[in-house]
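Undergrad: Below is the file model_31.cif, with mmCIF, C-alpha atoms and all ligand atoms.
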```cif
data_data
loop_
_atom_site.label_atom_id
_atom_site.label_comp_id
_atom_site.auth_asym_id
_atom_site.auth_seq_id
_atom_site.Cartn_x
_atom_site.Cartn_y
_atom_site.Cartn_z
CA MET A 1 5.68 -0.85 4.25
CA TRP A 2 4.64 -4.40 3.42
CA GLY A 3 1.01 -5.38 3.79
CA ALA A 4 -2.01 -7.21 2.47
CA SER A 5 -5.55 -6.07 1.66
CA THR A 6 -9.13 -7.25 2.02
CA SER A 7 -12.56 -5.59 2.00
CA ALA A 8 -15.54 -5.82 4.31
CA TYR A 9 -18.13 -7.43 2.06
CA GLN A 10 -15.65 -9.91 0.66
CA ILE A 11 -14.62 -11.40 4.01
CA GLU A 12 -16.86 -10.44 6.93
CA GLY A 13 -20.10 -12.37 6.49
CA ALA A 14 -22.55 -11.67 9.36
CA TRP A 15 -24.47 -9.60 6.85
CA ASN A 16 -27.40 -8.97 9.20
CA GLN A 17 -25.79 -9.41 12.63
CA ASP A 18 -25.47 -6.98 15.53
CA GLY A 19 -27.68 -4.35 13.95
CA LYS A 20 -26.02 -4.20 10.55
CA GLY A 21 -28.25 -2.73 7.83
CA GLU A 22 -28.67 -4.01 4.28
CA SER A 23 -26.13 -2.91 1.69
CA ILE A 24 -26.51 -2.89 -2.08
CA TRP A 25 -24.30 -5.99 -2.19
CA ASP A 26 -26.61 -7.81 0.23
CA ARG A 27 -29.55 -6.92 -2.00
CA PHE A 28 -27.73 -7.72 -5.26
CA THR A 29 -26.39 -11.11 -4.21
CA HIS A 30 -29.81 -12.16 -2.95
CA GLN A 31 -31.23 -11.66 -6.45
CA PRO A 32 -31.06 -14.41 -9.09
CA TYR A 33 -28.50 -14.34 -11.92
CA ARG A 34 -26.31 -11.65 -10.39
CA VAL A 35 -23.40 -13.71 -9.06
CA GLN A 36 -21.79 -16.89 -10.36
CA HIS A 37 -23.66 -19.90 -8.94
CA GLY A 38 -25.91 -17.59 -6.92
CA GLN A 39 -23.22 -17.21 -4.27
CA THR A 40 -23.45 -14.48 -1.62
CA GLY A 41 -21.28 -12.83 1.01
CA ASP A 42 -23.72 -13.82 3.79
CA VAL A 43 -21.01 -15.91 5.45
CA ALA A 44 -17.95 -15.18 3.28
CA CYS A 45 -14.84 -15.93 5.39
CA ASP A 46 -16.76 -15.38 8.63
CA HIS A 47 -14.13 -12.80 9.51
CA TYR A 48 -16.64 -10.91 11.66
CA ARG A 49 -16.45 -13.77 14.17
CA ARG A 50 -12.96 -15.09 13.44
CA MET A 51 -11.22 -11.71 13.45
CA PRO A 52 -8.99 -12.43 16.50
CA GLN A 53 -7.56 -15.58 14.90
CA ASP A 54 -7.11 -13.78 11.59
CA VAL A 55 -5.08 -11.01 13.21
CA ALA A 56 -3.04 -13.60 15.13
CA MET A 57 -2.18 -15.30 11.83
CA MET A 58 -1.19 -11.96 10.29
CA ARG A 59 1.19 -11.42 13.15
CA GLU A 60 2.70 -14.91 12.84
CA LEU A 61 3.28 -14.31 9.16
CA GLY A 62 5.02 -11.01 9.77
CA LEU A 63 2.57 -8.62 8.11
CA GLN A 64 3.50 -4.97 8.74
CA ALA A 65 0.30 -3.35 7.51
CA TYR A 66 -3.27 -4.46 6.90
CA HIS A 67 -5.62 -2.65 4.55
CA PHE A 68 -9.29 -3.39 5.15
CA SER A 69 -12.59 -1.60 4.68
CA ILE A 70 -15.46 -0.63 6.93
CA ALA A 71 -19.03 -1.62 6.10
CA TRP A 72 -20.97 1.65 6.11
CA THR A 73 -24.11 -0.29 7.08
CA ARG A 74 -22.52 -1.66 10.25
CA VAL A 75 -21.86 1.88 11.40
CA LEU A 76 -25.07 3.45 10.07
CA PRO A 77 -27.60 0.71 9.30
CA GLU A 78 -29.80 3.12 7.32
CA GLY A 79 -26.80 4.90 5.85
CA ARG A 80 -27.46 8.04 7.90
CA GLY A 81 -29.05 8.91 11.22
CA GLN A 82 -28.62 6.60 14.17
CA VAL A 83 -25.10 5.22 14.73
CA ASN A 84 -24.92 1.51 15.58
CA GLN A 85 -22.33 1.38 18.32
CA LYS A 86 -21.88 -2.39 17.98
CA GLY A 87 -20.71 -1.87 14.42
CA LEU A 88 -18.11 0.67 15.47
CA ASP A 89 -17.13 -1.57 18.40
CA PHE A 90 -16.17 -4.32 15.97
CA TYR A 91 -13.83 -2.07 14.01
CA GLU A 92 -12.39 -0.65 17.20
CA ARG A 93 -11.56 -4.17 18.40
CA LEU A 94 -9.98 -4.94 15.04
CA VAL A 95 -7.88 -1.77 15.04
CA ASP A 96 -6.76 -2.29 18.63
CA ARG A 97 -5.78 -5.90 17.98
CA LEU A 98 -3.79 -4.87 14.93
CA LEU A 99 -1.98 -2.18 16.89
CA GLU A 100 -1.22 -4.64 19.70
CA ALA A 101 0.19 -7.00 17.09
CA GLY A 102 2.37 -4.21 15.70
CA ILE A 103 0.43 -4.11 12.42
CA VAL A 104 -0.39 -0.73 10.87
CA PRO A 105 -4.11 -0.36 10.03
CA ASN A 106 -4.98 1.24 6.71
CA VAL A 107 -8.73 1.78 6.56
CA THR A 108 -10.99 2.30 3.54
CA LEU A 109 -14.39 3.89 4.05
CA ASN A 110 -16.00 2.90 0.74
CA HIS A 111 -15.20 -0.44 -0.82
CA TRP A 112 -18.54 -0.43 -2.71
CA ASP A 113 -20.99 -1.82 -0.10
CA TYR A 114 -23.24 1.26 -0.14
CA PRO A 115 -26.35 1.34 2.10
CA GLN A 116 -29.52 0.03 0.42
CA SER A 117 -31.70 2.64 2.19
CA LEU A 118 -29.71 5.38 0.47
CA MET A 119 -29.74 3.45 -2.81
CA ASP A 120 -33.52 3.69 -2.63
CA LEU A 121 -32.98 7.46 -2.81
CA GLY A 122 -30.79 7.18 -5.91
CA GLY A 123 -27.46 6.06 -4.51
CA TRP A 124 -24.35 7.81 -5.80
CA VAL A 125 -26.48 9.50 -8.46
CA ASN A 126 -28.12 11.54 -5.71
CA ARG A 127 -25.97 14.57 -4.95
CA ASP A 128 -26.79 14.23 -1.25
CA SER A 129 -24.61 11.10 -1.25
CA ALA A 130 -21.60 13.35 -0.80
CA ALA A 131 -22.93 14.78 2.46
CA TRP A 132 -24.16 11.37 3.66
CA PHE A 133 -20.71 9.94 3.04
CA ALA A 134 -19.00 12.82 4.83
CA ASP A 135 -21.26 12.29 7.87
CA TYR A 136 -20.48 8.56 7.89
CA ALA A 137 -16.77 9.34 7.58
CA GLY A 138 -17.06 11.80 10.46
CA ALA A 139 -18.65 9.15 12.71
CA VAL A 140 -15.82 6.73 11.96
CA PHE A 141 -13.07 9.33 12.40
CA ALA A 142 -14.59 10.36 15.75
CA ARG A 143 -14.15 6.80 17.05
CA LEU A 144 -10.93 5.70 15.32
CA GLY A 145 -9.24 8.84 14.06
CA ASP A 146 -6.89 9.02 17.02
CA ARG A 147 -5.41 5.58 16.22
CA VAL A 148 -5.59 4.88 12.52
CA PRO A 149 -2.62 6.37 10.63
CA PHE A 150 -3.93 5.78 7.06
CA TRP A 151 -7.39 6.47 5.70
CA VAL A 152 -8.73 5.86 2.22
CA THR A 153 -12.01 7.50 1.16
CA HIS A 154 -12.88 5.33 -1.85
CA ASN A 155 -11.53 2.16 -3.34
CA GLU A 156 -11.52 2.25 -7.15
CA PRO A 157 -14.21 4.85 -7.85
CA TRP A 158 -14.23 3.91 -11.57
CA VAL A 159 -15.31 0.37 -10.70
CA CYS A 160 -17.83 1.65 -8.17
CA ALA A 161 -19.46 4.01 -10.68
CA PHE A 162 -19.03 2.19 -13.99
CA LEU A 163 -19.39 -1.50 -13.10
CA GLY A 164 -22.21 -0.59 -10.72
CA TYR A 165 -24.19 2.03 -12.68
CA GLY A 166 -22.99 1.64 -16.29
CA TYR A 167 -22.14 -1.97 -17.09
CA GLY A 168 -24.40 -3.39 -14.38
CA VAL A 169 -22.15 -6.31 -13.44
CA HIS A 170 -21.72 -5.07 -9.87
CA ALA A 171 -24.34 -3.80 -7.43
CA PRO A 172 -26.60 -1.92 -7.90
CA GLY A 173 -26.65 -3.49 -11.39
CA LEU A 174 -27.73 -0.47 -13.46
CA HIS A 175 -27.05 0.03 -17.16
CA ASP A 176 -26.95 3.77 -17.64
CA PHE A 177 -23.80 5.69 -18.51
CA SER A 178 -25.27 9.06 -17.61
CA LYS A 179 -25.78 7.68 -14.13
CA ALA A 180 -22.27 6.23 -14.08
CA TYR A 181 -20.72 9.62 -14.88
CA GLN A 182 -22.95 11.39 -12.39
CA ALA A 183 -22.07 8.80 -9.74
CA ALA A 184 -18.38 9.35 -10.50
CA HIS A 185 -18.81 13.08 -9.92
CA HIS A 186 -20.57 12.55 -6.61
CA LEU A 187 -17.94 10.03 -5.51
CA LEU A 188 -15.35 12.74 -6.09
CA LEU A 189 -17.42 15.31 -4.24
CA ALA A 190 -17.88 12.85 -1.36
CA HIS A 191 -14.14 12.25 -1.30
CA GLY A 192 -13.45 15.99 -1.05
CA GLN A 193 -16.00 16.51 1.69
CA ALA A 194 -14.68 13.57 3.73
CA VAL A 195 -11.14 14.96 3.44
CA GLN A 196 -12.45 18.31 4.69
CA VAL A 197 -14.08 16.60 7.68
CA TYR A 198 -10.83 14.80 8.42
CA ARG A 199 -8.77 18.00 8.29
CA GLN A 200 -11.28 19.88 10.44
CA GLY A 201 -11.01 17.14 13.07
CA GLY A 202 -7.25 17.70 13.35
CA TYR A 203 -6.54 13.96 13.34
CA PRO A 204 -2.92 12.84 13.34
CA GLY A 205 -2.97 10.46 10.34
CA GLN A 206 -2.97 10.68 6.57
CA ILE A 207 -5.82 10.51 4.08
CA GLY A 208 -5.94 9.68 0.39
CA LEU A 209 -7.79 7.65 -2.16
CA VAL A 210 -7.21 4.44 -4.08
CA PHE A 211 -7.81 4.01 -7.76
CA ASP A 212 -7.05 1.42 -10.41
CA PRO A 213 -4.97 2.60 -13.33
CA ASN A 214 -4.81 -0.40 -15.60
CA HIS A 215 -2.07 0.12 -18.13
CA TYR A 216 -3.50 0.59 -21.63
CA LEU A 217 -1.67 0.33 -24.93
CA PRO A 218 -3.09 0.99 -28.40
CA ALA A 219 -3.65 -2.32 -30.21
CA THR A 220 -1.99 -0.90 -33.35
CA PRO A 221 -0.27 2.41 -34.15
CA SER A 222 -3.35 3.52 -36.15
CA GLU A 223 -4.75 6.91 -35.24
CA ALA A 224 -8.14 5.32 -34.46
CA ASP A 225 -6.64 2.86 -31.96
CA GLN A 226 -4.49 5.53 -30.35
CA ALA A 227 -7.49 7.79 -29.91
CA ALA A 228 -9.56 4.91 -28.47
CA CYS A 229 -6.73 4.20 -26.04
CA ARG A 230 -6.67 7.86 -24.98
CA ARG A 231 -10.40 7.74 -24.31
CA VAL A 232 -10.07 4.68 -22.11
CA ARG A 233 -7.25 6.32 -20.16
CA GLN A 234 -9.31 9.48 -19.81
CA GLU A 235 -12.29 7.61 -18.43
CA THR A 236 -10.46 5.33 -16.04
CA ARG A 237 -7.67 7.64 -14.92
CA GLU A 238 -8.01 11.32 -15.82
CA LEU A 239 -11.72 11.44 -14.97
CA PHE A 240 -10.69 10.94 -11.34
CA LEU A 241 -7.21 12.40 -11.07
CA ASP A 242 -7.60 15.57 -13.17
CA PRO A 243 -10.32 16.96 -10.86
CA ILE A 244 -8.31 16.13 -7.75
CA PHE A 245 -5.02 17.55 -9.03
CA PHE A 246 -6.07 20.09 -11.69
CA LYS A 247 -9.67 21.03 -10.75
CA ARG A 248 -11.17 20.04 -14.11
CA TYR A 249 -12.49 17.13 -16.12
CA PRO A 250 -10.62 15.98 -19.25
CA ALA A 251 -12.25 18.18 -21.90
CA ALA A 252 -11.84 15.74 -24.78
CA LEU A 253 -13.67 13.03 -22.84
CA MET A 254 -16.49 15.39 -21.89
CA ASP A 255 -16.88 16.30 -25.59
CA TRP A 256 -16.93 12.63 -26.58
CA ILE A 257 -19.58 11.57 -24.06
CA GLY A 258 -21.68 14.68 -24.78
CA PRO A 259 -25.07 14.34 -23.06
CA HIS A 260 -23.71 11.79 -20.60
CA ALA A 261 -21.36 14.34 -19.00
CA PRO A 262 -22.02 14.83 -15.29
CA GLN A 263 -23.72 17.89 -13.89
CA VAL A 264 -21.22 19.96 -11.99
CA GLN A 265 -22.09 22.86 -9.74
CA ALA A 266 -20.03 25.97 -9.10
CA GLY A 267 -17.44 25.32 -6.44
CA ASP A 268 -17.43 21.52 -6.81
CA PHE A 269 -13.85 21.34 -8.04
CA GLU A 270 -12.68 23.41 -5.08
CA VAL A 271 -14.15 20.76 -2.77
CA ILE A 272 -12.85 17.83 -4.80
CA ALA A 273 -9.30 19.16 -5.03
CA GLN A 274 -8.51 19.01 -1.32
CA PRO A 275 -4.84 18.20 -0.91
CA ILE A 276 -4.39 14.50 -0.21
CA ASP A 277 -1.48 12.84 1.58
CA PHE A 278 -1.09 9.81 -0.67
CA LEU A 279 -2.47 8.03 -3.68
CA GLY A 280 -3.16 4.31 -3.56
CA ILE A 281 -2.78 2.34 -6.75
CA ASN A 282 -4.32 -1.04 -7.42
CA TYR A 283 -2.60 -2.68 -10.34
CA TYR A 284 -3.74 -5.86 -12.04
CA ARG A 285 -3.80 -5.52 -15.77
CA THR A 286 -2.40 -4.24 -19.02
CA GLU A 287 -4.76 -4.22 -21.99
CA ALA A 288 -4.63 -3.49 -25.68
CA VAL A 289 -7.24 -1.00 -26.86
CA ALA A 290 -8.74 -1.07 -30.36
CA PHE A 291 -11.27 1.24 -31.94
CA ASP A 292 -14.50 -0.68 -32.41
CA LEU A 293 -17.78 0.89 -33.51
CA GLU A 294 -19.77 -1.65 -31.51
CA ALA A 295 -17.84 -1.30 -28.26
CA GLY A 296 -19.97 0.90 -26.06
CA LEU A 297 -19.90 4.60 -25.39
CA LEU A 298 -16.13 4.91 -25.84
CA ARG A 299 -16.08 2.80 -29.05
CA ALA A 300 -13.06 1.06 -27.55
CA ARG A 301 -12.50 -2.66 -27.20
CA THR A 302 -9.98 -3.89 -24.63
CA THR A 303 -8.12 -7.20 -24.79
CA PRO A 304 -5.90 -8.56 -22.01
CA LEU A 305 -2.18 -8.62 -22.71
CA SER A 306 0.37 -10.96 -21.16
CA ALA A 307 4.09 -10.36 -21.23
CA PRO A 308 6.09 -13.02 -23.13
CA GLY A 309 6.27 -16.22 -21.11
CA TRP A 310 3.33 -15.36 -18.86
CA GLY A 311 -0.07 -16.97 -19.17
CA THR A 312 -3.37 -15.63 -17.88
CA THR A 313 -4.87 -15.89 -14.41
CA ALA A 314 -7.95 -17.89 -13.43
CA MET A 315 -10.01 -14.71 -14.04
CA GLY A 316 -8.77 -14.54 -17.64
CA TRP A 317 -6.70 -11.47 -16.78
CA GLY A 318 -3.32 -11.14 -18.49
CA ILE A 319 -0.05 -10.94 -16.56
CA TYR A 320 2.08 -7.96 -17.50
CA PRO A 321 4.38 -6.80 -14.70
CA ALA A 322 5.98 -3.94 -16.66
CA GLY A 323 2.56 -2.27 -16.72
CA LEU A 324 3.00 -1.54 -13.04
CA THR A 325 6.26 0.33 -13.67
CA ALA A 326 4.65 2.29 -16.49
CA ALA A 327 1.50 3.18 -14.55
CA LEU A 328 3.44 4.36 -11.50
CA LEU A 329 5.82 6.48 -13.56
CA GLU A 330 3.08 8.03 -15.69
CA ILE A 331 1.08 9.02 -12.64
CA HIS A 332 4.15 10.28 -10.85
CA GLU A 333 5.10 12.42 -13.84
CA LYS A 334 1.69 13.77 -14.74
CA TYR A 335 0.31 14.48 -11.30
CA ALA A 336 3.44 14.93 -9.19
CA ALA A 337 1.44 12.83 -6.76
CA PRO A 338 2.37 12.89 -3.15
CA ALA A 339 3.51 9.53 -1.77
CA MET A 340 2.12 6.51 -3.60
CA TYR A 341 1.30 3.06 -2.30
CA VAL A 342 0.50 -0.04 -4.29
CA THR A 343 -2.64 -0.85 -2.32
CA GLU A 344 -3.59 -3.99 -4.25
CA ASN A 345 -1.73 -6.37 -6.54
CA GLY A 346 -2.18 -10.09 -6.94
CA ALA A 347 -3.55 -12.91 -9.03
CA ALA A 348 -6.44 -15.36 -9.00
CA LEU A 349 -4.85 -18.78 -9.34
CA GLU A 350 -6.15 -22.27 -8.95
CA GLY A 351 -4.22 -24.44 -6.56
CA VAL A 352 -5.00 -27.90 -5.35
CA PRO A 353 -4.68 -28.27 -1.59
CA ASP A 354 -2.97 -31.35 -0.16
CA ALA A 355 -4.53 -33.44 2.63
CA ASN A 356 -3.63 -30.71 5.14
CA GLY A 357 -5.18 -27.93 3.09
CA PHE A 358 -1.76 -26.62 2.06
CA VAL A 359 -1.31 -25.11 -1.40
CA ALA A 360 2.14 -24.83 -2.96
CA ASP A 361 1.29 -21.78 -5.10
CA TRP A 362 4.58 -21.21 -6.87
CA GLU A 363 2.80 -19.35 -9.68
CA ARG A 364 1.65 -16.70 -7.21
CA ILE A 365 5.18 -16.36 -5.91
CA ALA A 366 6.45 -15.88 -9.46
CA TYR A 367 3.73 -13.31 -10.09
CA LEU A 368 4.42 -11.34 -6.93
CA ARG A 369 8.19 -11.48 -7.37
CA GLU A 370 8.00 -10.09 -10.87
CA HIS A 371 5.64 -7.31 -9.81
CA LEU A 372 7.95 -6.36 -6.96
CA ARG A 373 10.78 -6.11 -9.47
CA ALA A 374 8.56 -3.88 -11.60
CA LEU A 375 7.75 -1.74 -8.58
CA HIS A 376 11.41 -1.43 -7.73
CA ALA A 377 12.13 -0.32 -11.29
CA ALA A 378 9.59 2.49 -10.86
CA ILE A 379 11.18 3.58 -7.59
CA ARG A 380 14.63 3.61 -9.21
CA GLN A 381 13.24 5.87 -11.93
CA GLY A 382 11.87 8.37 -9.42
CA ALA A 383 8.38 7.25 -8.36
CA ASP A 384 7.83 7.89 -4.66
CA VAL A 385 6.28 4.55 -3.65
CA ARG A 386 6.26 3.85 0.06
CA GLY A 387 4.44 0.56 0.41
CA TYR A 388 3.03 -2.54 -1.24
CA TYR A 389 -0.05 -4.57 -0.34
CA VAL A 390 -0.87 -7.99 -1.75
CA TRP A 391 -4.46 -8.65 -2.77
CA SER A 392 -5.46 -10.55 -0.85
CA TRP A 393 -4.69 -11.62 2.67
CA MET A 394 -7.02 -14.60 2.23
CA ASP A 395 -9.25 -16.21 -0.40
CA ASN A 396 -12.60 -14.43 -0.40
CA PHE A 397 -15.81 -13.52 -2.21
CA GLU A 398 -14.71 -12.14 -5.56
CA TRP A 399 -17.82 -10.03 -6.33
CA ALA A 400 -19.78 -11.24 -9.37
CA ARG A 401 -17.39 -14.20 -9.72
CA GLY A 402 -18.26 -15.58 -6.29
CA TYR A 403 -15.83 -17.90 -4.53
CA GLY A 404 -14.20 -19.32 -7.67
CA PRO A 405 -11.18 -17.01 -8.04
CA ARG A 406 -8.68 -17.42 -5.21
CA PHE A 407 -6.40 -14.45 -4.61
CA GLY A 408 -5.30 -15.24 -1.05
CA LEU A 409 -1.91 -15.70 0.56
CA VAL A 410 -3.95 -17.78 2.97
CA ARG A 411 -6.28 -20.51 1.71
CA VAL A 412 -9.83 -20.56 3.02
CA ASP A 413 -11.77 -23.81 2.83
CA PHE A 414 -15.28 -22.48 2.23
CA GLU A 415 -16.85 -25.67 3.63
CA THR A 416 -15.11 -25.58 7.01
CA LEU A 417 -13.82 -21.97 6.91
CA ALA A 418 -10.42 -23.29 8.02
CA ARG A 419 -7.48 -21.04 7.11
CA THR A 420 -4.18 -22.45 5.89
CA PRO A 421 -1.26 -20.24 4.83
CA LYS A 422 -0.11 -21.03 1.30
CA GLN A 423 3.50 -21.30 0.19
CA SER A 424 3.26 -17.66 -0.93
CA ALA A 425 2.45 -16.53 2.62
CA TYR A 426 5.75 -17.99 3.88
CA TRP A 427 7.60 -16.56 0.91
CA TYR A 428 6.08 -13.12 1.58
CA ARG A 429 6.99 -13.39 5.27
CA ASP A 430 10.63 -13.80 4.21
CA VAL A 431 10.43 -10.89 1.75
CA ILE A 432 9.09 -8.68 4.52
CA ALA A 433 11.76 -9.82 6.97
CA ARG A 434 14.44 -9.01 4.37
CA ASN A 435 12.74 -5.82 3.27
CA GLY A 436 13.09 -6.95 -0.32
CA LEU A 437 13.72 -9.81 -2.66
CA GLY A 438 17.36 -10.14 -1.64
CA GLU A 439 18.51 -10.05 -5.25
C1 LIG A 501 -10.09 -5.04 -7.20
C2 LIG A 501 -10.97 -4.88 -5.99
C3 LIG A 501 -10.86 -5.98 -4.98
C4 LIG A 501 -10.71 -7.32 -5.64
C5 LIG A 501 -9.64 -7.30 -6.69
C6 LIG A 501 -9.40 -8.61 -7.37
O1 LIG A 501 -10.64 -4.35 -8.27
O2 LIG A 501 -10.69 -3.66 -5.35
O3 LIG A 501 -11.96 -5.91 -4.13
O4 LIG A 501 -11.93 -7.74 -6.14
O5 LIG A 501 -9.95 -6.34 -7.66
#
```
Would you encode the structure as structure tokens?

TA:
Amino acid sequence: MWGASTSAYQIEGAWNQDGKGESIWDRFTHQPYRVQHGQTGDVACDHYRRMPQDVAMMRELGLQAYHFSIAWTRVLPEGRGQVNQKGLDFYERLVDRLLEAGIVPNVTLNHWDYPQSLMDLGGWVNRDSAAWFADYAGAVFARLGDRVPFWVTHNEPWVCAFLGYGYGVHAPGLHDFSKAYQAAHHLLLAHGQAVQVYRQGGYPGQIGLVFDPNHYLPATPSEADQAACRRVRQETRELFLDPIFFKRYPAALMDWIGPHAPQVQAGDFEVIAQPIDFLGINYYRTEAVAFDLEAGLLRARTTPLSAPGWGTTAMGWGIYPAGLTAALLEIHEKYAAPAMYVTENGAALEGVPDANGFVADWERIAYLREHLRALHAAIRQGADVRGYYVWSWMDNFEWARGYGPRFGLVRVDFETLARTPKQSAYWYRDVIARNGLGE
């Protein structure tokens, strides 16, 4: 299955239209010194209004699947309580248009834009978040569960918990690792409860979650660097997958973080470990990990790695395609995961548009081609990967980096909001039509 991904806050705009409530990203971006150049997602790509044209372009460019997220605050402006039908109507129109166009919808419930009203009660640190999320999920399933074949509870829970509550670079902008670990636990609990709601509803589709296993390598063979690398893997990977597949947290990590370990109640792991139908994997980076006494709670410093001959992207991220093969195989082997999908992969690259707004982004094509080869290598070695989604369908609001980094197959001119497919969009159309690289 060949697709592309976006998320609600990054593309929709219309942040306060048709009854939508305030999310933590609305609040965060409206504060000074949070986002590069003070940019916000107030308008973003204006997808909320331009959705029909966007879906028409997806169809023209041969997309088979589209992975997007729902803004919790469109559905429940206060996060709980009264459902805003207009919010659900929008997503119903989107889903129906996709289905008419022959495009499979893959819907994420939490791509980080948590309701501000619930944040005022503690956000993901508040244990009630799990039940609030399950109720929100239930309201969405009730409207769309008969038609949407793929559901994702959370996108990248590590980023949600740690960049939001620990490192403070994403909303809500907190700097507290105890909160980050507690938020991670409640995200897992929320995931389990939402899966339970989905199963109880007897819906015909599949449900899973998406996480981001960067590939980490020890900077040197020293014992200290190897141990630091294990800690980083434990926090970003095992912290989320061990509970889901093995009903436990990685003990060595819990020992290391000591007082920051999350509070867990009896029975929590039973809820968290609901069987899932698939695992989504977002792959961007491979990093070298070195022990460093000054590098935070894990005492681990990470440095981007690029494979020989590859530079870095406009975000300063390395390019290391073999990391995708390694990450898929490691997860396949350790967790015997059910089906896997690469739910995001792509690169932020500059690209100067010509007079017609067209960008000949050959670097993106090279990047995607090499990652597809890496994905194919993982499949050949036994990983059960059923689909691949490019991040992103179109240029959009890249969180704290604002509109600088451009990940899209389609260029968006943020002055006029005009969309122009890049060279990579035509290349990808041909890959899809061929069902492969044709090599
Ligand atoms: C991922 C996010 C996505 C986008 C890409 C570049 O971590 O899920 O929203 O920002 O990175």

Undergrad: Rounded to one decimal in Å, what is the spacing between atom CA of Ala14 of chain A and atom O5 of ligand LIG 501 (chain A)?

TA: 21.8 Å

Undergrad: Using only C-alpha atoms and all ligand atoms, tabulate the residues of chain A lying at most 9 Å from any atom of ligand LIG 501 (chain A), each with its closest atom pair and that distance in Å to one decimal, by chain and increasing residue number, as JSON lines.

TA:
```
{"residue": "A:Ser5", "atom": "CA", "partner": "A:LIG501", "partner_atom": "C3", "distance": 8.5}
{"residue": "A:Thr6", "atom": "CA", "partner": "A:LIG501", "partner_atom": "O3", "distance": 6.9}
{"residue": "A:Ser7", "atom": "CA", "partner": "A:LIG501", "partner_atom": "O3", "distance": 6.2}
{"residue": "A:Tyr9", "atom": "CA", "partner": "A:LIG501", "partner_atom": "O3", "distance": 8.9}
{"residue": "A:Gln10", "atom": "CA", "partner": "A:LIG501", "partner_atom": "O3", "distance": 7.2}
{"residue": "A:His111", "atom": "CA", "partner": "A:LIG501", "partner_atom": "O2", "distance": 7.2}
{"residue": "A:Trp112", "atom": "CA", "partner": "A:LIG501", "partner_atom": "O3", "distance": 8.7}
{"residue": "A:Asn155", "atom": "CA", "partner": "A:LIG501", "partner_atom": "O2", "distance": 6.2}
{"residue": "A:Glu156", "atom": "CA", "partner": "A:LIG501", "partner_atom": "O2", "distance": 6.2}
{"residue": "A:Val159", "atom": "CA", "partner": "A:LIG501", "partner_atom": "O1", "distance": 7.1}
{"residue": "A:Val210", "atom": "CA", "partner": "A:LIG501", "partner_atom": "O2", "distance": 8.9}
{"residue": "A:Phe211", "atom": "CA", "partner": "A:LIG501", "partner_atom": "O2", "distance": 8.5}
{"residue": "A:Asp212", "atom": "CA", "partner": "A:LIG501", "partner_atom": "O1", "distance": 7.1}
{"residue": "A:Asn282", "atom": "CA", "partner": "A:LIG501", "partner_atom": "C1", "distance": 7.0}
{"residue": "A:Tyr283", "atom": "CA", "partner": "A:LIG501", "partner_atom": "C1", "distance": 8.5}
{"residue": "A:Tyr284", "atom": "CA", "partner": "A:LIG501", "partner_atom": "O5", "distance": 7.6}
{"residue": "A:Glu344", "atom": "CA", "partner": "A:LIG501", "partner_atom": "O2", "distance": 7.2}
{"residue": "A:Asn345", "atom": "CA", "partner": "A:LIG501", "partner_atom": "C5", "distance": 8.0}
{"residue": "A:Gly346", "atom": "CA", "partner": "A:LIG501", "partner_atom": "C6", "distance": 7.4}
{"residue": "A:Ala347", "atom": "CA", "partner": "A:LIG501", "partner_atom": "C6", "distance": 7.4}
{"residue": "A:Ala348", "atom": "CA", "partner": "A:LIG501", "partner_atom": "C6", "distance": 7.5}
{"residue": "A:Trp391", "atom": "CA", "partner": "A:LIG501", "partner_atom": "C5", "distance": 6.6}
{"residue": "A:Ser392", "atom": "CA", "partner": "A:LIG501", "partner_atom": "C4", "distance": 7.8}
{"residue": "A:Asn396", "atom": "CA", "partner": "A:LIG501", "partner_atom": "O4", "distance": 8.8}
{"residue": "A:Phe397", "atom": "CA", "partner": "A:LIG501", "partner_atom": "O4", "distance": 8.0}
{"residue": "A:Glu398", "atom": "CA", "partner": "A:LIG501", "partner_atom": "O4", "distance": 5.2}
{"residue": "A:Trp399", "atom": "CA", "partner": "A:LIG501", "partner_atom": "O4", "distance": 6.3}
{"residue": "A:Pro405", "atom": "CA", "partner": "A:LIG501", "partner_atom": "C6", "distance": 8.6}
{"residue": "A:Phe407", "atom": "CA", "partner": "A:LIG501", "partner_atom": "C6", "distance": 7.1}
```

Undergrad: Name the residues in contact with Ala300 of chain A at a cut-off of 6 Å, using all atoms listed in the file, excluding same-chain residues fewer than 4 positions from it; report them as a list in words.

TA: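 Using all atoms listed in the file, the neighbours found are Ala228, Ala290, Phe291, Asp292 and Ala295 of chain A.
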
Undergrad: Please report the interatomic distance between atom CA of Lys20 of chain A and atom CA of Thr73 of chain A in Å with one decimal.

TA: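 Between atom CA of Lys20 of chain A and atom CA of Thr73 of chain A the gap is 5.6 Å.
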
Undergrad: Would you be able to write out as a compact mmCIF listing (two decimals) with C-alpha atoms, keeping the file's coordinate frame which residues have an atom within 10 Å of (-16.6, 5.8, -22.8) in the file's coordinates, counting all atoms listed in the file?

TA:
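And here is the file that came out, part_8.txt:
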```txt
# COMPACT_ATOMS: atom_id res chain seq x y z
CA PHE A 162 -19.03 2.19 -13.99
CA PHE A 177 -23.80 5.69 -18.51
CA TYR A 181 -20.72 9.62 -14.88
CA ALA A 228 -9.56 4.91 -28.47
CA ARG A 231 -10.40 7.74 -24.31
CA VAL A 232 -10.07 4.68 -22.11
CA ARG A 233 -7.25 6.32 -20.16
CA GLN A 234 -9.31 9.48 -19.81
CA GLU A 235 -12.29 7.61 -18.43
CA THR A 236 -10.46 5.33 -16.04
CA LEU A 253 -13.67 13.03 -22.84
CA MET A 254 -16.49 15.39 -21.89
CA TRP A 256 -16.93 12.63 -26.58
CA ILE A 257 -19.58 11.57 -24.06
CA HIS A 260 -23.71 11.79 -20.60
CA ALA A 295 -17.84 -1.30 -28.26
CA GLY A 296 -19.97 0.90 -26.06
CA LEU A 297 -19.90 4.60 -25.39
CA LEU A 298 -16.13 4.91 -25.84
CA ARG A 299 -16.08 2.80 -29.05
CA ALA A 300 -13.06 1.06 -27.55
```
